[in-house]
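Trainee: One structure follows; several queries about it will come next.
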Amino acid sequence: MLNQRALAYLNEVIRRGSLRRAAAHLNVDASAVSRQIKALEEELDTRLCERHGRGMRATAAGQLLVHHYHSQRASEEAVLSQLMALQNLAKGEVRIAVGEGFVADLIAAPLGTFMSEFSGINVEIRMAGVNEAMSLLKDREVDIALLYAPPADPQFFCHVETRQPLDVIVPPAHLLTELNRPVTLNDLKGWPLALMDNPFGMRQMVNMAAHQEHVHLEARLHTNSVSVLKNFVRSGIGVTFMPELTVMDEINRGEIIPLPMQYPVMNDTRAQIVSLKAQDLTIASAACIDHLQKGMRFFSADAPRLLQ
């Protein structure tokens with residue numbers, strides 16, 4: 001094990017250019033600095049510094065040791081920073097704005113494992129459509145937001161983004177499943193249709209596709225509830241729009257069939273975790289984002305059907 005004091009003294013001699021200036025900076029006798037460096041040279045059996053004019057400079061071996069000293073210090077500082085972060089995570093709070101479509105994925109495991117790992121951090125979840133979630137961020141009422149189909153906004157920093165197409169979801173054995181091609185809005189005419197309210201990202205994507213295609217959609221049911229939409233389809237009443245992962249449990253149980261839509265605006269829909277650029281993230285919030293990215297299906301990869 002190299003003598004850390006000797007390395008520190010060598011570093012200062014090389015940095016200051018002389019024994020005397022190094023000793024003055026270290027507030028020790030020059031003889032003490034000289035003894036430490038000489039002992040290190042004897043231990044390694046090599047010259048570490050040499051006189052140059054009126055000062056001192058490092059030999060090749062001395063430069064190697066000084067580089068090693070700086071690398072050690074940098075590694076130590078990184079570890080200390082991480083330890084401080086862990087200490088700061090002993091207590092804290094994370095406030096999250098979440099659309100209902102993310103809830104099943106959030107509650108399935110990631111939220112529980114985060115709260116178990118960081119038992120001193122309290123979590124506040126605010127249910128909100130994309131417009132309200134963005135307003136909550138701007139008003140600093142939440143720290144991060146999980147958004148589906150958000151409009152571009154320069155005030156936000158996007159930490160995670162995945163592609164989660166907006167599909168039409170139908171009951172099993174529905175006639176639309178026999179099309180063997182992407183569904184169009186015109187294909188939905190004649191089928192009872194349910195839609196989310198306008199402040200939600202899912203509805204805004206549908207509105208954009210309808211506007212581009214000059215199609216007027218007549219909805220039999222309007223709601224602000226994802227659960228109502230799921231039950232509307234599961235009961236066989238009609239069809240609606242939803243990302244695949246929001247209804248993954250129902251798909252696995254054979255209760256709902258997702259069908260891709262024809263339109264790029266719907267197939268390129270994104271899910272994001274964002275924060276406000278003007279507001280620095282707390283260590284707790286940063287840890288939560290990392291945890292959600294790794295644990296939520298919505299944010300660990302693109303939609304399942306895109307990975308097949």
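Chain identifiers are assigned as A, B, and so on, following the order in which chains appear in the structure tokens; residues are numbered from 1 within each chain, and ligands are numbered from 1 in order of appearance.
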Quick one: residues within 8 Å of Asp197 in chain A, only C-alpha atoms counted, chain neighbours fewer than 4 positions away excluded, as a list in words?

Mentor: Arg203, His222, Thr223 and Asn224 of chain A

Trainee: Take the residues from that selection and write them out as an mmCIF file, in the first residue's frame, keeping all heavy atoms.

Mentor:
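Listing of out.cif after writing:
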data_model
loop_
_atom_site.group_PDB
_atom_site.id
_atom_site.type_symbol
_atom_site.label_atom_id
_atom_site.label_comp_id
_atom_site.auth_asym_id
_atom_site.auth_seq_id
_atom_site.Cartn_x
_atom_site.Cartn_y
_atom_site.Cartn_z
ATOM 1 N N ARG A 203 -57.194 10.798 -26.259
ATOM 2 C CA ARG A 203 -58.229 11.482 -27.045
ATOM 3 C C ARG A 203 -57.598 12.461 -28.029
ATOM 4 O O ARG A 203 -58.058 12.594 -29.176
ATOM 5 C CB ARG A 203 -59.191 12.202 -26.109
ATOM 6 C CG ARG A 203 -60.246 13.039 -26.825
ATOM 7 C CD ARG A 203 -61.168 12.191 -27.730
ATOM 8 N NE ARG A 203 -62.149 13.004 -28.414
ATOM 9 C CZ ARG A 203 -63.326 13.352 -27.898
ATOM 10 N NH1 ARG A 203 -63.672 12.939 -26.680
ATOM 11 N NH2 ARG A 203 -64.167 14.074 -28.582
ATOM 12 N N HIS A 222 -68.685 9.070 -23.492
ATOM 13 C CA HIS A 222 -67.533 9.916 -23.153
ATOM 14 C C HIS A 222 -67.227 9.717 -21.671
ATOM 15 O O HIS A 222 -68.139 9.664 -20.839
ATOM 16 C CB HIS A 222 -67.839 11.395 -23.409
ATOM 17 C CG HIS A 222 -68.065 11.725 -24.853
ATOM 18 N ND1 HIS A 222 -67.049 12.079 -25.705
ATOM 19 C CD2 HIS A 222 -69.200 11.741 -25.599
ATOM 20 C CE1 HIS A 222 -67.537 12.313 -26.905
ATOM 21 N NE2 HIS A 222 -68.850 12.123 -26.877
ATOM 22 N N THR A 223 -65.940 9.652 -21.333
ATOM 23 C CA THR A 223 -65.577 9.421 -19.933
ATOM 24 C C THR A 223 -64.160 9.935 -19.668
ATOM 25 O O THR A 223 -63.380 10.160 -20.605
ATOM 26 C CB THR A 223 -65.640 7.916 -19.587
ATOM 27 O OG1 THR A 223 -65.293 7.724 -18.212
ATOM 28 C CG2 THR A 223 -64.678 7.111 -20.442
ATOM 29 N N ASN A 224 -63.856 10.106 -18.386
ATOM 30 C CA ASN A 224 -62.479 10.431 -17.982
ATOM 31 C C ASN A 224 -61.837 9.238 -17.287
ATOM 32 O O ASN A 224 -60.820 9.383 -16.612
ATOM 33 C CB ASN A 224 -62.442 11.665 -17.075
ATOM 34 C CG ASN A 224 -63.160 11.414 -15.755
ATOM 35 O OD1 ASN A 224 -63.794 10.377 -15.558
ATOM 36 N ND2 ASN A 224 -63.062 12.378 -14.846
#

Trainee: Near Glu213 in chain A, counting only C-alpha atoms, which residues have an atom at most 10 Å away, once you skip same-chain residues fewer than 5 positions from it, shown as a PyMOL selection string?

Mentor: chain A and resi 184-186+207-208+263

Trainee: Suppose we keep all heavy atoms; can you now write the selection as a PDB file, in the first residue's frame?

Mentor:
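Done, and the output landed in selection_26.pdb:
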ATOM      1  N   THR A 184     -58.883   1.421 -40.043  1.00  0.00           N
ATOM      2  CA  THR A 184     -59.065   2.841 -40.326  1.00  0.00           C
ATOM      3  C   THR A 184     -60.231   3.368 -39.494  1.00  0.00           C
ATOM      4  O   THR A 184     -61.051   2.601 -38.970  1.00  0.00           O
ATOM      5  CB  THR A 184     -59.367   3.087 -41.819  1.00  0.00           C
ATOM      6  OG1 THR A 184     -60.661   2.568 -42.117  1.00  0.00           O
ATOM      7  CG2 THR A 184     -58.318   2.417 -42.700  1.00  0.00           C
ATOM      8  N   LEU A 185     -60.321   4.676 -39.397  1.00  0.00           N
ATOM      9  CA  LEU A 185     -61.435   5.280 -38.662  1.00  0.00           C
ATOM     10  C   LEU A 185     -62.768   4.988 -39.348  1.00  0.00           C
ATOM     11  O   LEU A 185     -63.792   4.833 -38.682  1.00  0.00           O
ATOM     12  CB  LEU A 185     -61.205   6.783 -38.525  1.00  0.00           C
ATOM     13  CG  LEU A 185     -60.022   7.193 -37.648  1.00  0.00           C
ATOM     14  CD1 LEU A 185     -59.850   8.706 -37.653  1.00  0.00           C
ATOM     15  CD2 LEU A 185     -60.189   6.687 -36.216  1.00  0.00           C
ATOM     16  N   ASN A 186     -62.730   4.911 -40.651  1.00  0.00           N
ATOM     17  CA  ASN A 186     -63.972   4.596 -41.368  1.00  0.00           C
ATOM     18  C   ASN A 186     -64.466   3.187 -41.049  1.00  0.00           C
ATOM     19  O   ASN A 186     -65.672   2.918 -41.086  1.00  0.00           O
ATOM     20  CB  ASN A 186     -63.761   4.740 -42.882  1.00  0.00           C
ATOM     21  CG  ASN A 186     -63.784   6.204 -43.323  1.00  0.00           C
ATOM     22  OD1 ASN A 186     -64.594   6.990 -42.829  1.00  0.00           O
ATOM     23  ND2 ASN A 186     -62.898   6.571 -44.237  1.00  0.00           N
ATOM     24  N   ASN A 207     -58.221  12.640 -32.004  1.00  0.00           N
ATOM     25  CA  ASN A 207     -58.679  13.873 -32.647  1.00  0.00           C
ATOM     26  C   ASN A 207     -57.759  14.261 -33.810  1.00  0.00           C
ATOM     27  O   ASN A 207     -58.226  14.710 -34.867  1.00  0.00           O
ATOM     28  CB  ASN A 207     -58.732  15.013 -31.631  1.00  0.00           C
ATOM     29  CG  ASN A 207     -59.882  14.859 -30.646  1.00  0.00           C
ATOM     30  OD1 ASN A 207     -60.774  14.038 -30.836  1.00  0.00           O
ATOM     31  ND2 ASN A 207     -59.861  15.659 -29.590  1.00  0.00           N
ATOM     32  N   MET A 208     -56.445  14.108 -33.605  1.00  0.00           N
ATOM     33  CA  MET A 208     -55.494  14.469 -34.664  1.00  0.00           C
ATOM     34  C   MET A 208     -55.686  13.578 -35.887  1.00  0.00           C
ATOM     35  O   MET A 208     -55.705  14.054 -37.027  1.00  0.00           O
ATOM     36  CB  MET A 208     -54.059  14.358 -34.136  1.00  0.00           C
ATOM     37  CG  MET A 208     -53.679  15.442 -33.133  1.00  0.00           C
ATOM     38  SD  MET A 208     -52.012  15.208 -32.471  1.00  0.00           S
ATOM     39  CE  MET A 208     -51.028  15.380 -33.953  1.00  0.00           C
ATOM     40  N   TYR A 263     -52.777   4.842 -38.947  1.00  0.00           N
ATOM     41  CA  TYR A 263     -52.242   6.193 -39.034  1.00  0.00           C
ATOM     42  C   TYR A 263     -50.921   6.375 -38.275  1.00  0.00           C
ATOM     43  O   TYR A 263     -50.816   5.989 -37.101  1.00  0.00           O
ATOM     44  CB  TYR A 263     -53.283   7.173 -38.513  1.00  0.00           C
ATOM     45  CG  TYR A 263     -54.648   6.915 -39.116  1.00  0.00           C
ATOM     46  CD1 TYR A 263     -55.675   6.356 -38.351  1.00  0.00           C
ATOM     47  CD2 TYR A 263     -54.876   7.175 -40.459  1.00  0.00           C
ATOM     48  CE1 TYR A 263     -56.911   6.090 -38.908  1.00  0.00           C
ATOM     49  CE2 TYR A 263     -56.111   6.898 -41.038  1.00  0.00           C
ATOM     50  CZ  TYR A 263     -57.129   6.359 -40.260  1.00  0.00           C
ATOM     51  OH  TYR A 263     -58.339   6.075 -40.829  1.00  0.00           O
TER      52      TYR A 263
END

Trainee: Neighbouring residues of range 179-182 of chain A were defined as those with any atom within 12 Å, considering only C-alpha atoms; residues of the same chain fewer than 6 positions away were excluded. Please report them as JSON, numbers by chain.

Mentor: {"A": [167, 168, 173, 188, 258, 259, 260, 261, 262, 263, 264, 266, 267]}

Trainee: Figure out the distance between CA of Ser275 in chain A and CA of Ala133 in chain A, please, to one decimal in Å.

Mentor: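 Result for CA of Ala133 in chain A versus CA of Ser275 in chain A: 10.5 Å, one decimal.
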
Trainee: Taking only C-alpha atoms into account, produce a table as a Markdown table in which each residue of range 84-171 of chain A with an atom at most 8 Å from an atom of range 244-257 of chain A appears once, together with its shortest atom pair and the distance in Å to one decimal, ordered by chain and rising number.

Mentor:
| residue | atom | partner | partner_atom | distance |
| --- | --- | --- | --- | --- |
| A:Gly101 | CA | A:Thr246 | CA | 5.4 |
| A:Phe102 | CA | A:Thr246 | CA | 6.6 |
| A:Ala104 | CA | A:Thr246 | CA | 7.2 |
| A:Asp105 | CA | A:Thr246 | CA | 7.4 |
| A:Gln164 | CA | A:Glu244 | CA | 7.5 |
| A:Pro165 | CA | A:Glu244 | CA | 7.5 |
| A:Leu166 | CA | A:Glu244 | CA | 7.4 |
| A:Asp167 | CA | A:Glu244 | CA | 6.8 |
| A:Ile169 | CA | A:Ile257 | CA | 5.6 |
| A:Val170 | CA | A:Ile257 | CA | 5.3 |
| A:Pro171 | CA | A:Ile256 | CA | 4.9 |

Trainee: Mind the document's chain letters and residue numbers, and return as a PyMOL selection string the residues of range 24-114 of chain A that DSSP labels alpha helix (DSSP H).

Mentor: chain A and resi 24-26+30-44+60-88+100-108+110-114

Trainee: Find the residue from A:Gly120, A:Gly112, A:Gly53, A:Gly129 that sits nearest to Pro199 in chain A; use only C-alpha atoms when measuring.

Mentor: A:Gly129

Trainee: From range 232-298 of chain A, collect each residue whose DSSP state is strand (DSSP E or B) and return the set as a PyMOL selection string.

Mentor: chain A and resi 239-243+257-259+261+270-276

Trainee: I want to know what sits within 12 Å of Asp280 in chain A, based on only C-alpha atoms, with residues of the same chain fewer than 6 positions away left out; could you give that as a PyMOL selection string?

Mentor: chain A and resi 140+143-144+156-157+286

Trainee: Quick one, how far is CA of Arg73 in chain A from CA of Leu10 in chain A?

Mentor: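 So the two atoms, CA of Arg73 in chain A and CA of Leu10 in chain A, lie 14.2 Å apart.
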
Trainee: So, with only C-alpha atoms as the atoms that count, which of A:Val265, A:Ile289, A:Leu2, A:Met205 lies closest to Tyr148 in chain A?

Mentor: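 Smallest distance to Tyr148 in chain A is found for A:Met205.
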
Trainee: Given the choices A:Gly201, A:Phe298, A:Leu176, A:Ala152, which gets closest to Asn131 in chain A if the distance is worked out from only C-alpha atoms?

Mentor: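 Checking each candidate against Asn131 in chain A, we get A:Gly201 as the closest.
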
Trainee: Show me, as a list in words, the residues that have an atom within 10 Å of Arg15 in chain A when counting only C-alpha atoms, minus same-chain residues fewer than 3 positions from it.

Mentor: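 Close residues of Arg15 in chain A: Tyr9, Leu10, Asn11, Glu12, Ser18, Arg21, Ala22, Met56, Arg57, Ala58 and Val66 of chain A.
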
Trainee: Okay, now the selection with N, CA, C and O atoms, as an mmCIF file, in the first residue's frame?

Mentor:
data_model
loop_
_atom_site.group_PDB
_atom_site.id
_atom_site.type_symbol
_atom_site.label_atom_id
_atom_site.label_comp_id
_atom_site.auth_asym_id
_atom_site.auth_seq_id
_atom_site.Cartn_x
_atom_site.Cartn_y
_atom_site.Cartn_z
ATOM 1 N N TYR A 9 2.308 14.719 -0.686
ATOM 2 C CA TYR A 9 3.460 15.625 -0.667
ATOM 3 C C TYR A 9 4.108 15.697 -2.048
ATOM 4 O O TYR A 9 4.475 16.786 -2.529
ATOM 5 N N LEU A 10 4.264 14.521 -2.692
ATOM 6 C CA LEU A 10 4.841 14.506 -4.040
ATOM 7 C C LEU A 10 3.986 15.328 -4.996
ATOM 8 O O LEU A 10 4.505 16.099 -5.811
ATOM 9 N N ASN A 11 2.684 15.163 -4.908
ATOM 10 C CA ASN A 11 1.768 15.912 -5.775
ATOM 11 C C ASN A 11 1.955 17.422 -5.610
ATOM 12 O O ASN A 11 1.996 18.161 -6.593
ATOM 13 N N GLU A 12 2.091 17.874 -4.364
ATOM 14 C CA GLU A 12 2.241 19.303 -4.118
ATOM 15 C C GLU A 12 3.598 19.815 -4.597
ATOM 16 O O GLU A 12 3.696 20.933 -5.116
ATOM 17 N N SER A 18 8.468 23.318 -6.265
ATOM 18 C CA SER A 18 9.601 23.317 -5.341
ATOM 19 C C SER A 18 9.190 22.733 -4.005
ATOM 20 O O SER A 18 8.008 22.782 -3.630
ATOM 21 N N ARG A 21 7.923 25.711 -1.608
ATOM 22 C CA ARG A 21 6.554 26.188 -1.858
ATOM 23 C C ARG A 21 5.520 25.131 -1.468
ATOM 24 O O ARG A 21 4.450 25.446 -0.954
ATOM 25 N N ALA A 22 5.839 23.869 -1.723
ATOM 26 C CA ALA A 22 4.929 22.790 -1.333
ATOM 27 C C ALA A 22 4.778 22.745 0.176
ATOM 28 O O ALA A 22 3.668 22.598 0.703
ATOM 29 N N MET A 56 11.644 21.954 -8.981
ATOM 30 C CA MET A 56 11.586 20.505 -9.079
ATOM 31 C C MET A 56 10.555 20.115 -10.140
ATOM 32 O O MET A 56 9.541 20.790 -10.309
ATOM 33 N N ARG A 57 10.815 18.994 -10.826
ATOM 34 C CA ARG A 57 9.851 18.455 -11.776
ATOM 35 C C ARG A 57 9.809 16.945 -11.642
ATOM 36 O O ARG A 57 10.754 16.319 -11.145
ATOM 37 N N ALA A 58 8.697 16.368 -12.087
ATOM 38 C CA ALA A 58 8.503 14.921 -11.939
ATOM 39 C C ALA A 58 9.272 14.152 -12.999
ATOM 40 O O ALA A 58 9.391 14.588 -14.145
ATOM 41 N N VAL A 66 1.701 10.574 -9.621
ATOM 42 C CA VAL A 66 0.798 11.713 -9.449
ATOM 43 C C VAL A 66 -0.541 11.431 -10.141
ATOM 44 O O VAL A 66 -1.609 11.734 -9.599
#

Trainee: Which value, in Å to one decimal, gives the distance between CA of His67 in chain A and CA of Asp45 in chain A?

Mentor: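 These atoms are spaced 18.6 Å apart.
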